[in-house]
>>> print(open('work.pdb').read())   # PDB, C-alpha atoms and all ligand atoms
ATOM      1  CA  MET A1487    -100.248 -34.801  48.358  1.00  0.00           C
ATOM      2  CA  HIS A1488    -102.792 -32.349  47.002  1.00  0.00           C
ATOM      3  CA  CYS A1489    -106.359 -33.314  46.102  1.00  0.00           C
ATOM      4  CA  LEU A1490    -107.177 -34.751  42.699  1.00  0.00           C
ATOM      5  CA  ARG A1491    -108.400 -32.063  40.321  1.00  0.00           C
ATOM      6  CA  LYS A1492    -111.588 -32.966  38.483  1.00  0.00           C
ATOM      7  CA  ASP A1493    -113.309 -30.937  35.794  1.00  0.00           C
ATOM      8  CA  VAL A1494    -117.071 -30.595  35.204  1.00  0.00           C
ATOM      9  CA  ASN A1495    -117.007 -33.777  33.113  1.00  0.00           C
ATOM     10  CA  GLY A1496    -115.444 -35.768  35.950  1.00  0.00           C
ATOM     11  CA  ARG A1497    -112.066 -36.061  34.239  1.00  0.00           C
ATOM     12  CA  ILE A1498    -108.971 -35.988  36.442  1.00  0.00           C
ATOM     13  CA  HIS A1499    -106.328 -33.418  35.409  1.00  0.00           C
ATOM     14  CA  PHE A1500    -102.591 -33.726  35.995  1.00  0.00           C
ATOM     15  CA  LYS A1501    -100.264 -30.817  35.336  1.00  0.00           C
ATOM     16  CA  ILE A1502     -96.931 -31.441  33.634  1.00  0.00           C
ATOM     17  CA  VAL A1503     -94.347 -28.676  33.220  1.00  0.00           C
ATOM     18  CA  PHE A1504     -91.374 -28.711  30.827  1.00  0.00           C
ATOM     19  CA  TYR A1505     -88.541 -26.768  32.461  1.00  0.00           C
ATOM     20  CA  GLY A1506     -85.059 -25.900  31.235  1.00  0.00           C
ATOM     21  CA  PRO A1507     -82.823 -23.215  29.725  1.00  0.00           C
ATOM     22  CA  SER A1508     -83.962 -20.940  26.926  1.00  0.00           C
ATOM     23  CA  MET A1509     -83.597 -22.439  23.441  1.00  0.00           C
ATOM     24  CA  GLY A1510     -83.083 -25.897  24.923  1.00  0.00           C
ATOM     25  CA  GLY A1511     -86.050 -27.346  23.040  1.00  0.00           C
ATOM     26  CA  LYS A1512     -89.057 -27.324  25.422  1.00  0.00           C
ATOM     27  CA  THR A1513     -91.526 -25.895  22.900  1.00  0.00           C
ATOM     28  CA  THR A1514     -90.143 -28.138  20.139  1.00  0.00           C
ATOM     29  CA  THR A1515     -90.557 -31.201  22.387  1.00  0.00           C
ATOM     30  CA  LEU A1516     -94.171 -30.321  23.189  1.00  0.00           C
ATOM     31  CA  LYS A1517     -94.978 -29.624  19.532  1.00  0.00           C
ATOM     32  CA  TRP A1518     -93.500 -32.950  18.499  1.00  0.00           C
ATOM     33  CA  LEU A1519     -95.624 -34.799  21.063  1.00  0.00           C
ATOM     34  CA  TYR A1520     -98.706 -32.841  20.057  1.00  0.00           C
ATOM     35  CA  ASN A1521     -98.256 -33.627  16.380  1.00  0.00           C
ATOM     36  CA  ASN A1522     -96.994 -37.199  16.566  1.00  0.00           C
ATOM     37  CA  VAL A1523     -98.311 -39.174  19.489  1.00  0.00           C
ATOM     38  CA  ALA A1524    -101.293 -41.295  18.561  1.00  0.00           C
ATOM     39  CA  GLY A1525    -103.791 -42.363  21.205  1.00  0.00           C
ATOM     40  CA  LEU A1526    -103.848 -39.009  22.953  1.00  0.00           C
ATOM     41  CA  GLU A1527    -106.803 -36.780  22.203  1.00  0.00           C
ATOM     42  CA  LYS A1528    -105.495 -33.243  22.156  1.00  0.00           C
ATOM     43  CA  GLY A1529    -107.076 -29.908  22.986  1.00  0.00           C
ATOM     44  CA  ASP A1530    -105.943 -26.635  21.417  1.00  0.00           C
ATOM     45  CA  PHE A1531    -102.239 -25.766  21.458  1.00  0.00           C
ATOM     46  CA  THR A1532    -101.864 -22.398  23.188  1.00  0.00           C
ATOM     47  CA  GLN A1533     -98.626 -20.527  22.643  1.00  0.00           C
ATOM     48  CA  ILE A1534     -97.567 -17.231  24.223  1.00  0.00           C
ATOM     49  CA  ALA A1535     -94.366 -16.373  22.382  1.00  0.00           C
ATOM     50  CA  ASP A1536     -92.449 -13.507  20.768  1.00  0.00           C
ATOM     51  CA  PRO A1537     -92.273 -13.234  16.955  1.00  0.00           C
ATOM     52  CA  THR A1538     -89.100 -15.364  16.891  1.00  0.00           C
ATOM     53  CA  GLY A1539     -90.843 -18.215  18.715  1.00  0.00           C
ATOM     54  CA  ARG A1540     -89.259 -17.807  22.137  1.00  0.00           C
ATOM     55  CA  THR A1541     -91.786 -18.454  24.832  1.00  0.00           C
ATOM     56  CA  LEU A1542     -92.864 -15.344  26.770  1.00  0.00           C
ATOM     57  CA  PHE A1543     -95.060 -16.975  29.411  1.00  0.00           C
ATOM     58  CA  PHE A1544     -95.949 -20.583  28.569  1.00  0.00           C
ATOM     59  CA  ASP A1545     -97.232 -23.045  25.987  1.00  0.00           C
ATOM     60  CA  LEU A1546    -100.132 -25.300  26.890  1.00  0.00           C
ATOM     61  CA  ALA A1547    -101.371 -28.474  25.249  1.00  0.00           C
ATOM     62  CA  PRO A1548    -104.031 -30.548  27.020  1.00  0.00           C
ATOM     63  CA  MET A1549    -103.726 -34.235  26.152  1.00  0.00           C
ATOM     64  CA  GLN A1550    -106.409 -36.721  27.102  1.00  0.00           C
ATOM     65  CA  ALA A1551    -104.845 -40.115  27.840  1.00  0.00           C
ATOM     66  CA  THR A1552    -107.987 -42.079  28.767  1.00  0.00           C
ATOM     67  CA  GLU A1553    -111.666 -41.285  29.167  1.00  0.00           C
ATOM     68  CA  THR A1554    -110.974 -40.004  32.657  1.00  0.00           C
ATOM     69  CA  VAL A1555    -107.380 -38.719  32.638  1.00  0.00           C
ATOM     70  CA  VAL A1556    -106.092 -35.487  31.054  1.00  0.00           C
ATOM     71  CA  PHE A1557    -102.498 -34.266  31.146  1.00  0.00           C
ATOM     72  CA  ASP A1558    -102.263 -30.483  30.890  1.00  0.00           C
ATOM     73  CA  VAL A1559     -98.752 -30.010  29.535  1.00  0.00           C
ATOM     74  CA  TYR A1560     -97.061 -26.616  29.935  1.00  0.00           C
ATOM     75  CA  THR A1561     -93.673 -25.307  28.889  1.00  0.00           C
ATOM     76  CA  THR A1562     -91.996 -22.470  30.782  1.00  0.00           C
ATOM     77  CA  ALA A1563     -90.258 -19.414  29.296  1.00  0.00           C
ATOM     78  CA  GLY A1564     -86.569 -20.205  29.643  1.00  0.00           C
ATOM     79  CA  GLN A1565     -85.063 -16.737  29.296  1.00  0.00           C
ATOM     80  CA  GLU A1566     -83.581 -15.530  32.566  1.00  0.00           C
ATOM     81  CA  ARG A1567     -85.811 -12.448  32.775  1.00  0.00           C
ATOM     82  CA  HIS A1568     -88.974 -14.611  32.955  1.00  0.00           C
ATOM     83  CA  LYS A1569     -88.279 -16.104  36.398  1.00  0.00           C
ATOM     84  CA  LYS A1570     -91.542 -14.779  37.895  1.00  0.00           C
ATOM     85  CA  GLN A1571     -93.530 -16.313  35.058  1.00  0.00           C
ATOM     86  CA  ARG A1572     -91.831 -19.675  35.637  1.00  0.00           C
ATOM     87  CA  LYS A1573     -92.787 -19.605  39.294  1.00  0.00           C
ATOM     88  CA  VAL A1574     -96.424 -18.991  38.366  1.00  0.00           C
ATOM     89  CA  VAL A1575     -96.465 -21.810  35.809  1.00  0.00           C
ATOM     90  CA  LEU A1576     -95.068 -24.256  38.407  1.00  0.00           C
ATOM     91  CA  ASN A1577     -98.020 -23.692  40.688  1.00  0.00           C
ATOM     92  CA  GLY A1578     -99.787 -27.018  41.306  1.00  0.00           C
ATOM     93  CA  VAL A1579     -97.390 -29.052  39.149  1.00  0.00           C
ATOM     94  CA  ASP A1580     -97.639 -32.871  39.262  1.00  0.00           C
ATOM     95  CA  GLY A1581     -94.522 -33.753  37.247  1.00  0.00           C
ATOM     96  CA  ILE A1582     -91.502 -32.139  35.585  1.00  0.00           C
ATOM     97  CA  LEU A1583     -89.706 -32.876  32.338  1.00  0.00           C
ATOM     98  CA  PHE A1584     -86.383 -31.061  32.532  1.00  0.00           C
ATOM     99  CA  VAL A1585     -85.172 -30.399  28.986  1.00  0.00           C
ATOM    100  CA  ALA A1586     -81.402 -29.909  29.044  1.00  0.00           C
ATOM    101  CA  ASP A1587     -79.419 -28.533  26.105  1.00  0.00           C
ATOM    102  CA  SER A1588     -76.474 -30.782  25.185  1.00  0.00           C
ATOM    103  CA  SER A1589     -74.624 -27.956  23.394  1.00  0.00           C
ATOM    104  CA  PRO A1590     -71.302 -27.462  25.221  1.00  0.00           C
ATOM    105  CA  GLU A1591     -71.732 -23.668  25.403  1.00  0.00           C
ATOM    106  CA  GLN A1592     -75.071 -24.092  27.190  1.00  0.00           C
ATOM    107  CA  LEU A1593     -73.717 -26.032  30.167  1.00  0.00           C
ATOM    108  CA  GLY A1594     -73.860 -23.017  32.493  1.00  0.00           C
ATOM    109  CA  GLU A1595     -77.452 -22.243  31.458  1.00  0.00           C
ATOM    110  CA  ASN A1596     -78.476 -25.836  32.214  1.00  0.00           C
ATOM    111  CA  ILE A1597     -76.950 -25.685  35.683  1.00  0.00           C
ATOM    112  CA  GLU A1598     -78.587 -22.342  36.470  1.00  0.00           C
ATOM    113  CA  SER A1599     -81.942 -23.627  35.315  1.00  0.00           C
ATOM    114  CA  ILE A1600     -81.929 -26.849  37.342  1.00  0.00           C
ATOM    115  CA  ASN A1601     -80.708 -24.961  40.403  1.00  0.00           C
ATOM    116  CA  GLU A1602     -83.608 -22.549  40.046  1.00  0.00           C
ATOM    117  CA  LEU A1603     -86.019 -25.479  39.768  1.00  0.00           C
ATOM    118  CA  ARG A1604     -84.542 -26.967  42.958  1.00  0.00           C
ATOM    119  CA  GLU A1605     -84.914 -23.583  44.632  1.00  0.00           C
ATOM    120  CA  PHE A1606     -88.616 -23.441  43.665  1.00  0.00           C
ATOM    121  CA  LEU A1607     -89.618 -27.030  44.466  1.00  0.00           C
ATOM    122  CA  GLY A1608     -87.109 -28.018  47.159  1.00  0.00           C
ATOM    123  CA  GLU A1609     -87.369 -31.553  48.549  1.00  0.00           C
ATOM    124  CA  LYS A1610     -90.506 -32.270  46.545  1.00  0.00           C
ATOM    125  CA  LEU A1611     -88.588 -32.436  43.278  1.00  0.00           C
ATOM    126  CA  GLY A1612     -88.030 -36.062  42.344  1.00  0.00           C
ATOM    127  CA  THR A1613     -90.062 -37.316  45.308  1.00  0.00           C
ATOM    128  CA  GLU A1614     -93.603 -35.976  45.615  1.00  0.00           C
ATOM    129  CA  ILE A1615     -93.199 -34.348  42.187  1.00  0.00           C
ATOM    130  CA  PRO A1616     -91.639 -36.846  39.755  1.00  0.00           C
ATOM    131  CA  LEU A1617     -88.732 -35.624  37.626  1.00  0.00           C
ATOM    132  CA  VAL A1618     -87.641 -36.982  34.238  1.00  0.00           C
ATOM    133  CA  VAL A1619     -84.685 -35.482  32.365  1.00  0.00           C
ATOM    134  CA  ALA A1620     -84.355 -35.174  28.576  1.00  0.00           C
ATOM    135  CA  LEU A1621     -80.785 -34.575  27.417  1.00  0.00           C
ATOM    136  CA  ASN A1622     -81.869 -32.793  24.250  1.00  0.00           C
ATOM    137  CA  LYS A1623     -80.018 -31.744  21.087  1.00  0.00           C
ATOM    138  CA  ARG A1624     -77.980 -34.960  20.983  1.00  0.00           C
ATOM    139  CA  ASP A1625     -77.433 -34.211  17.273  1.00  0.00           C
ATOM    140  CA  VAL A1626     -75.375 -31.031  17.750  1.00  0.00           C
ATOM    141  CA  PRO A1627     -71.639 -31.157  17.016  1.00  0.00           C
ATOM    142  CA  ASN A1628     -69.607 -31.864  20.169  1.00  0.00           C
ATOM    143  CA  ALA A1629     -72.699 -32.654  22.244  1.00  0.00           C
ATOM    144  CA  LEU A1630     -71.570 -33.001  25.856  1.00  0.00           C
ATOM    145  CA  PRO A1631     -71.179 -36.624  26.940  1.00  0.00           C
ATOM    146  CA  ARG A1632     -74.170 -38.022  28.809  1.00  0.00           C
ATOM    147  CA  LYS A1633     -72.027 -38.812  31.862  1.00  0.00           C
ATOM    148  CA  GLU A1634     -70.692 -35.281  32.091  1.00  0.00           C
ATOM    149  CA  LEU A1635     -74.167 -33.735  31.904  1.00  0.00           C
ATOM    150  CA  ILE A1636     -75.454 -36.099  34.588  1.00  0.00           C
ATOM    151  CA  MET A1637     -72.548 -35.181  36.853  1.00  0.00           C
ATOM    152  CA  LYS A1638     -72.690 -31.429  36.257  1.00  0.00           C
ATOM    153  CA  LEU A1639     -76.455 -31.314  36.751  1.00  0.00           C
ATOM    154  CA  LYS A1640     -76.021 -33.440  39.916  1.00  0.00           C
ATOM    155  CA  LEU A1641     -78.676 -35.939  38.842  1.00  0.00           C
ATOM    156  CA  ASP A1642     -79.036 -38.948  41.144  1.00  0.00           C
ATOM    157  CA  SER A1643     -79.354 -42.551  39.991  1.00  0.00           C
ATOM    158  CA  GLU A1644     -83.109 -42.519  40.725  1.00  0.00           C
ATOM    159  CA  THR A1645     -83.811 -39.948  38.013  1.00  0.00           C
ATOM    160  CA  PRO A1646     -84.921 -41.374  34.642  1.00  0.00           C
ATOM    161  CA  ILE A1647     -82.758 -39.842  31.907  1.00  0.00           C
ATOM    162  CA  TYR A1648     -83.400 -39.920  28.148  1.00  0.00           C
ATOM    163  CA  GLU A1649     -81.341 -38.691  25.226  1.00  0.00           C
ATOM    164  CA  THR A1650     -83.580 -36.771  22.853  1.00  0.00           C
ATOM    165  CA  ILE A1651     -83.626 -34.876  19.555  1.00  0.00           C
ATOM    166  CA  ALA A1652     -86.794 -32.821  19.735  1.00  0.00           C
ATOM    167  CA  THR A1653     -86.675 -31.683  16.106  1.00  0.00           C
ATOM    168  CA  THR A1654     -87.064 -35.278  14.882  1.00  0.00           C
ATOM    169  CA  GLY A1655     -88.688 -36.775  18.004  1.00  0.00           C
ATOM    170  CA  VAL A1656     -85.916 -39.218  18.954  1.00  0.00           C
ATOM    171  CA  GLY A1657     -86.481 -40.355  22.557  1.00  0.00           C
ATOM    172  CA  VAL A1658     -89.256 -37.835  23.184  1.00  0.00           C
ATOM    173  CA  LYS A1659     -92.137 -40.287  23.472  1.00  0.00           C
ATOM    174  CA  HIS A1660     -90.271 -42.540  25.909  1.00  0.00           C
ATOM    175  CA  ALA A1661     -89.341 -39.631  28.151  1.00  0.00           C
ATOM    176  CA  PHE A1662     -92.946 -38.421  28.222  1.00  0.00           C
ATOM    177  CA  GLN A1663     -94.394 -41.894  28.815  1.00  0.00           C
ATOM    178  CA  THR A1664     -92.062 -42.460  31.743  1.00  0.00           C
ATOM    179  CA  LEU A1665     -93.140 -39.184  33.311  1.00  0.00           C
ATOM    180  CA  THR A1666     -96.868 -39.878  32.921  1.00  0.00           C
ATOM    181  CA  ARG A1667     -96.371 -43.363  34.384  1.00  0.00           C
ATOM    182  CA  GLU A1668     -94.477 -41.957  37.373  1.00  0.00           C
ATOM    183  CA  ILE A1669     -97.204 -39.373  37.992  1.00  0.00           C
ATOM    184  CA  ILE A1670     -99.955 -42.016  37.985  1.00  0.00           C
ATOM    185  CA  LEU A1671     -97.922 -44.369  40.199  1.00  0.00           C
ATOM    186  CA  ARG A1672     -97.256 -41.561  42.649  1.00  0.00           C
ATOM    187  CA  GLN A1673    -100.982 -40.881  42.916  1.00  0.00           C
ATOM    188  CA  ILE A1674    -101.786 -44.545  43.536  1.00  0.00           C
ATOM    189  CA  HIS A1675     -98.980 -44.740  46.065  1.00  0.00           C
ATOM    190  CA  GLY A1676    -100.368 -41.663  47.821  1.00  0.00           C
ATOM    191  CA  LEU A1677    -103.840 -43.158  47.949  1.00  0.00           C
ATOM    192  CA  MET A1678    -102.698 -46.503  49.358  1.00  0.00           C
ATOM    193  CA  PRO A1679    -102.798 -47.242  53.085  1.00  0.00           C
ATOM    194  CA  LYS A1680     -99.364 -46.931  54.723  1.00  0.00           C
ATOM    195  CA  LYS A1681     -98.794 -50.671  55.155  1.00  0.00           C
ATOM    196  CA  PHE A1682     -98.782 -51.151  51.364  1.00  0.00           C
ATOM    197  CA  SER A1683     -96.562 -48.199  50.594  1.00  0.00           C
TER     198      SER A1683
HETATM  199  N1  LIG B   1     -80.281 -29.395  16.470  1.00  0.00           N
HETATM  200  C1  LIG B   1     -81.335 -29.376  17.294  1.00  0.00           C
HETATM  201  N2  LIG B   1     -82.064 -28.251  17.424  1.00  0.00           N
HETATM  202  C2  LIG B   1     -83.110 -28.272  18.270  1.00  0.00           C
HETATM  203  C3  LIG B   1     -83.461 -29.419  19.015  1.00  0.00           C
HETATM  204  N3  LIG B   1     -84.535 -29.123  19.780  1.00  0.00           N
HETATM  205  C4  LIG B   1     -84.850 -27.843  19.509  1.00  0.00           C
HETATM  206  N4  LIG B   1     -83.998 -27.323  18.602  1.00  0.00           N
HETATM  207  C5  LIG B   1     -84.003 -25.945  18.066  1.00  0.00           C
HETATM  208  O1  LIG B   1     -83.624 -25.051  19.108  1.00  0.00           O
HETATM  209  C6  LIG B   1     -84.321 -23.817  18.983  1.00  0.00           C
HETATM  210  C7  LIG B   1     -85.058 -23.500  20.286  1.00  0.00           C
HETATM  211  O2  LIG B   1     -86.055 -24.458  20.517  1.00  0.00           O
HETATM  212  P1  LIG B   1     -87.359 -24.138  21.421  1.00  0.00           P
HETATM  213  O3  LIG B   1     -88.152 -25.382  21.472  1.00  0.00           O
HETATM  214  O4  LIG B   1     -88.033 -22.916  20.936  1.00  0.00           O
HETATM  215  O5  LIG B   1     -86.671 -23.828  22.831  1.00  0.00           O
HETATM  216  P2  LIG B   1     -87.368 -23.465  24.217  1.00  0.00           P
HETATM  217  O6  LIG B   1     -86.731 -24.327  25.251  1.00  0.00           O
HETATM  218  O7  LIG B   1     -88.841 -23.559  24.096  1.00  0.00           O
HETATM  219  O8  LIG B   1     -86.911 -21.940  24.440  1.00  0.00           O
HETATM  220  P3  LIG B   1     -87.654 -20.783  25.311  1.00  0.00           P
HETATM  221  O9  LIG B   1     -89.057 -20.710  24.849  1.00  0.00           O
HETATM  222  O10 LIG B   1     -86.894 -19.508  25.066  1.00  0.00           O
HETATM  223  O11 LIG B   1     -87.527 -21.195  26.750  1.00  0.00           O
HETATM  224  C8  LIG B   1     -85.248 -23.967  17.780  1.00  0.00           C
HETATM  225  O12 LIG B   1     -84.611 -23.402  16.656  1.00  0.00           O
HETATM  226  C9  LIG B   1     -85.374 -25.476  17.603  1.00  0.00           C
HETATM  227  O13 LIG B   1     -85.634 -25.868  16.292  1.00  0.00           O
HETATM  228  C10 LIG B   1     -82.673 -30.607  18.845  1.00  0.00           C
HETATM  229  O14 LIG B   1     -82.885 -31.658  19.464  1.00  0.00           O
HETATM  230  N5  LIG B   1     -81.617 -30.512  17.978  1.00  0.00           N
HETATM  231 MG    MG B   2     -90.394 -22.201  24.358  1.00  0.00          MG
END
>>> encode(input="work.pdb", output="structure tokens", more="lines below")
Ligand SMILES: Nc1nc2c(ncn2[C@@H]2O[C@H](COP(=O)(O)OP(=O)(O)OP(=O)(O)O)[C@@H](O)[C@H]2O)c(=O)[nH]1
Ligand SMILES: [Mg+2]
Amino acid sequence: MHCLRKDVNGRIHFKIVFYGPSMGGKTTTLKWLYNNVAGLEKGDFTQIADPTGRTLFFDLAPMQATETVVFDVYTTAGQERHKKQRKVVLNGVDGILFVADSSPEQLGENIESINELREFLGEKLGTEIPLVVALNKRDVPNALPRKELIMKLKLDSETPIYETIATTGVGVKHAFQTLTREIILRQIHGLMPKKFS
């Protein structure tokens, strides 16, 4: 476990990264949270995108959960050619929300993206670094069945999975809350003496 990061005001920062294929809904998910979740004090929304809205490097929205805890939430650039940028954004990550696209024609992109994430984080993914999965775009025609996506993405039974529609916010808050809870629990677990863990 890495050291807790504190800023000059003594607030602890956790880094969350939204990962997944291009056009899957990472930026839309973050925007929905930023605009709709009460009880989180938000910093500026930073967006590095092309004119059509596709992320070029990352989005960042700092969200203060309590007086002492801030979640710095990033999205990655999903297009294949931005692999190097994704690796940089993952540096020091404390938790991942994988945003999958339920559109049938995007199945291959989902698989490539989660494989790349596994390549970057190895054994830490889902253990030291909590993973939550959002099966997004549940509203599209012929959305792939939940079971099929779980099987094709090789998600184990330990991984929390939510069905989401980022454009309207369905399921988004629950997915995010679960991830923040897992991150905090992991920290407490890491700080506890062995006999309690
Ligand atoms: N129907 C539907 N459309 C969605 C949903 N979520 C996002 N979209 C749309 O999908 C498109 C891509 O969404 P983004 O949030 O920009 O995707 P992204 O994952 O950030 O893409 P990159 O930045 O290229 O990695 C936009 O037109 C969104 O409005 C959803 O749940 N349902
Ligand atoms: Mg984006």
>>> residues_near_ligand(input="work.pdb", ligand="ligand LIG 1 (chain B)", cutoff="8 Å", atoms="only C-alpha atoms and all ligand atoms", output="tab-separated table (two decimals) with C-alpha atoms, keeping the file's coordinate frame")
chain	number	residue	atom	x	y	z
A	1505	TYR	CA	-88.54	-26.77	32.46
A	1506	GLY	CA	-85.06	-25.90	31.24
A	1507	PRO	CA	-82.82	-23.22	29.72
A	1508	SER	CA	-83.96	-20.94	26.93
A	1509	MET	CA	-83.60	-22.44	23.44
A	1510	GLY	CA	-83.08	-25.90	24.92
A	1511	GLY	CA	-86.05	-27.35	23.04
A	1512	LYS	CA	-89.06	-27.32	25.42
A	1513	THR	CA	-91.53	-25.90	22.90
A	1514	THR	CA	-90.14	-28.14	20.14
A	1515	THR	CA	-90.56	-31.20	22.39
A	1516	LEU	CA	-94.17	-30.32	23.19
A	1535	ALA	CA	-94.37	-16.37	22.38
A	1539	GLY	CA	-90.84	-18.22	18.72
A	1540	ARG	CA	-89.26	-17.81	22.14
A	1541	THR	CA	-91.79	-18.45	24.83
A	1542	LEU	CA	-92.86	-15.34	26.77
A	1544	PHE	CA	-95.95	-20.58	28.57
A	1561	THR	CA	-93.67	-25.31	28.89
A	1562	THR	CA	-92.00	-22.47	30.78
A	1563	ALA	CA	-90.26	-19.41	29.30
A	1564	GLY	CA	-86.57	-20.20	29.64
A	1565	GLN	CA	-85.06	-16.74	29.30
A	1585	VAL	CA	-85.17	-30.40	28.99
A	1622	ASN	CA	-81.87	-32.79	24.25
A	1623	LYS	CA	-80.02	-31.74	21.09
A	1624	ARG	CA	-77.98	-34.96	20.98
A	1625	ASP	CA	-77.43	-34.21	17.27
A	1626	VAL	CA	-75.38	-31.03	17.75
A	1650	THR	CA	-83.58	-36.77	22.85
A	1651	ILE	CA	-83.63	-34.88	19.56
A	1652	ALA	CA	-86.79	-32.82	19.74
A	1653	THR	CA	-86.68	-31.68	16.11
A	1654	THR	CA	-87.06	-35.28	14.88
A	1655	GLY	CA	-88.69	-36.78	18.00
>>> residues_around(input="work.pdb", residues="Ile1636 of chain A", least_positions_apart="2", cutoff="12 Å", atoms="all atoms listed in the file", output="mmCIF file with C-alpha atoms, keeping the file's coordinate frame")
data_model
loop_
_atom_site.group_PDB
_atom_site.id
_atom_site.type_symbol
_atom_site.label_atom_id
_atom_site.label_comp_id
_atom_site.auth_asym_id
_atom_site.auth_seq_id
_atom_site.Cartn_x
_atom_site.Cartn_y
_atom_site.Cartn_z
ATOM 1 C CA ALA A 1586 -81.402 -29.909 29.044
ATOM 2 C CA SER A 1588 -76.474 -30.782 25.185
ATOM 3 C CA LEU A 1593 -73.717 -26.032 30.167
ATOM 4 C CA ASN A 1596 -78.476 -25.836 32.214
ATOM 5 C CA ILE A 1597 -76.950 -25.685 35.683
ATOM 6 C CA ILE A 1600 -81.929 -26.849 37.342
ATOM 7 C CA VAL A 1619 -84.685 -35.482 32.365
ATOM 8 C CA ALA A 1620 -84.355 -35.174 28.576
ATOM 9 C CA LEU A 1621 -80.785 -34.575 27.417
ATOM 10 C CA LEU A 1630 -71.570 -33.001 25.856
ATOM 11 C CA PRO A 1631 -71.179 -36.624 26.940
ATOM 12 C CA ARG A 1632 -74.170 -38.022 28.809
ATOM 13 C CA LYS A 1633 -72.027 -38.812 31.862
ATOM 14 C CA GLU A 1634 -70.692 -35.281 32.091
ATOM 15 C CA LYS A 1638 -72.690 -31.429 36.257
ATOM 16 C CA LEU A 1639 -76.455 -31.314 36.751
ATOM 17 C CA LYS A 1640 -76.021 -33.440 39.916
ATOM 18 C CA LEU A 1641 -78.676 -35.939 38.842
ATOM 19 C CA ASP A 1642 -79.036 -38.948 41.144
ATOM 20 C CA SER A 1643 -79.354 -42.551 39.991
ATOM 21 C CA GLU A 1644 -83.109 -42.519 40.725
ATOM 22 C CA THR A 1645 -83.811 -39.948 38.013
ATOM 23 C CA PRO A 1646 -84.921 -41.374 34.642
ATOM 24 C CA ILE A 1647 -82.758 -39.842 31.907
ATOM 25 C CA TYR A 1648 -83.400 -39.920 28.148
ATOM 26 C CA GLU A 1649 -81.341 -38.691 25.226
#
>>> residues_around(input="work.pdb", residues="Asp1530 of chain A", least_positions_apart="6", cutoff="10 Å", atoms="all atoms listed in the file", output="VMD selection string")
chain A and resid 1520 1546 to 1549
>>> resolve_selection(input="work.pdb", expression="the PyMOL selection byres (((chain A and resi 1554) around 10) and not hetatm)", output="PDB file with C-alpha atoms, in the frame of the given file")
ATOM      1  CA  LYS A1492    -111.588 -32.966  38.483  1.00  0.00           C
ATOM      2  CA  ASP A1493    -113.309 -30.937  35.794  1.00  0.00           C
ATOM      3  CA  ASN A1495    -117.007 -33.777  33.113  1.00  0.00           C
ATOM      4  CA  GLY A1496    -115.444 -35.768  35.950  1.00  0.00           C
ATOM      5  CA  ARG A1497    -112.066 -36.061  34.239  1.00  0.00           C
ATOM      6  CA  ILE A1498    -108.971 -35.988  36.442  1.00  0.00           C
ATOM      7  CA  HIS A1499    -106.328 -33.418  35.409  1.00  0.00           C
ATOM      8  CA  GLN A1550    -106.409 -36.721  27.102  1.00  0.00           C
ATOM      9  CA  ALA A1551    -104.845 -40.115  27.840  1.00  0.00           C
ATOM     10  CA  THR A1552    -107.987 -42.079  28.767  1.00  0.00           C
ATOM     11  CA  GLU A1553    -111.666 -41.285  29.167  1.00  0.00           C
ATOM     12  CA  VAL A1555    -107.380 -38.719  32.638  1.00  0.00           C
ATOM     13  CA  VAL A1556    -106.092 -35.487  31.054  1.00  0.00           C
TER      14      VAL A1556
END
>>> closest_residue(input="work.pdb", among="A:Ile1502, A:Ile1534, A:Leu1490, A:Ile1669", to="ligand MG 2 (chain B)", atoms="all atoms listed in the file")
A:Ile1534
>>> atom_distance(input="work.pdb", atom1="atom CA of Glu1602 of chain A", atom2="atom CA of Ile1674 of chain A")
28.7 Å
>>> atom_distance(input="work.pdb", atom1="atom CA of Arg1491 of chain A", atom2="atom CA of Val1579 of chain A")
11.5 Å
>>> closest_residue(input="work.pdb", among="A:Lys1610, A:Arg1672, A:Lys1573, A:Lys1517", to="ligand MG 2 (chain B)", atoms="all atoms listed in the file")
A:Lys1517
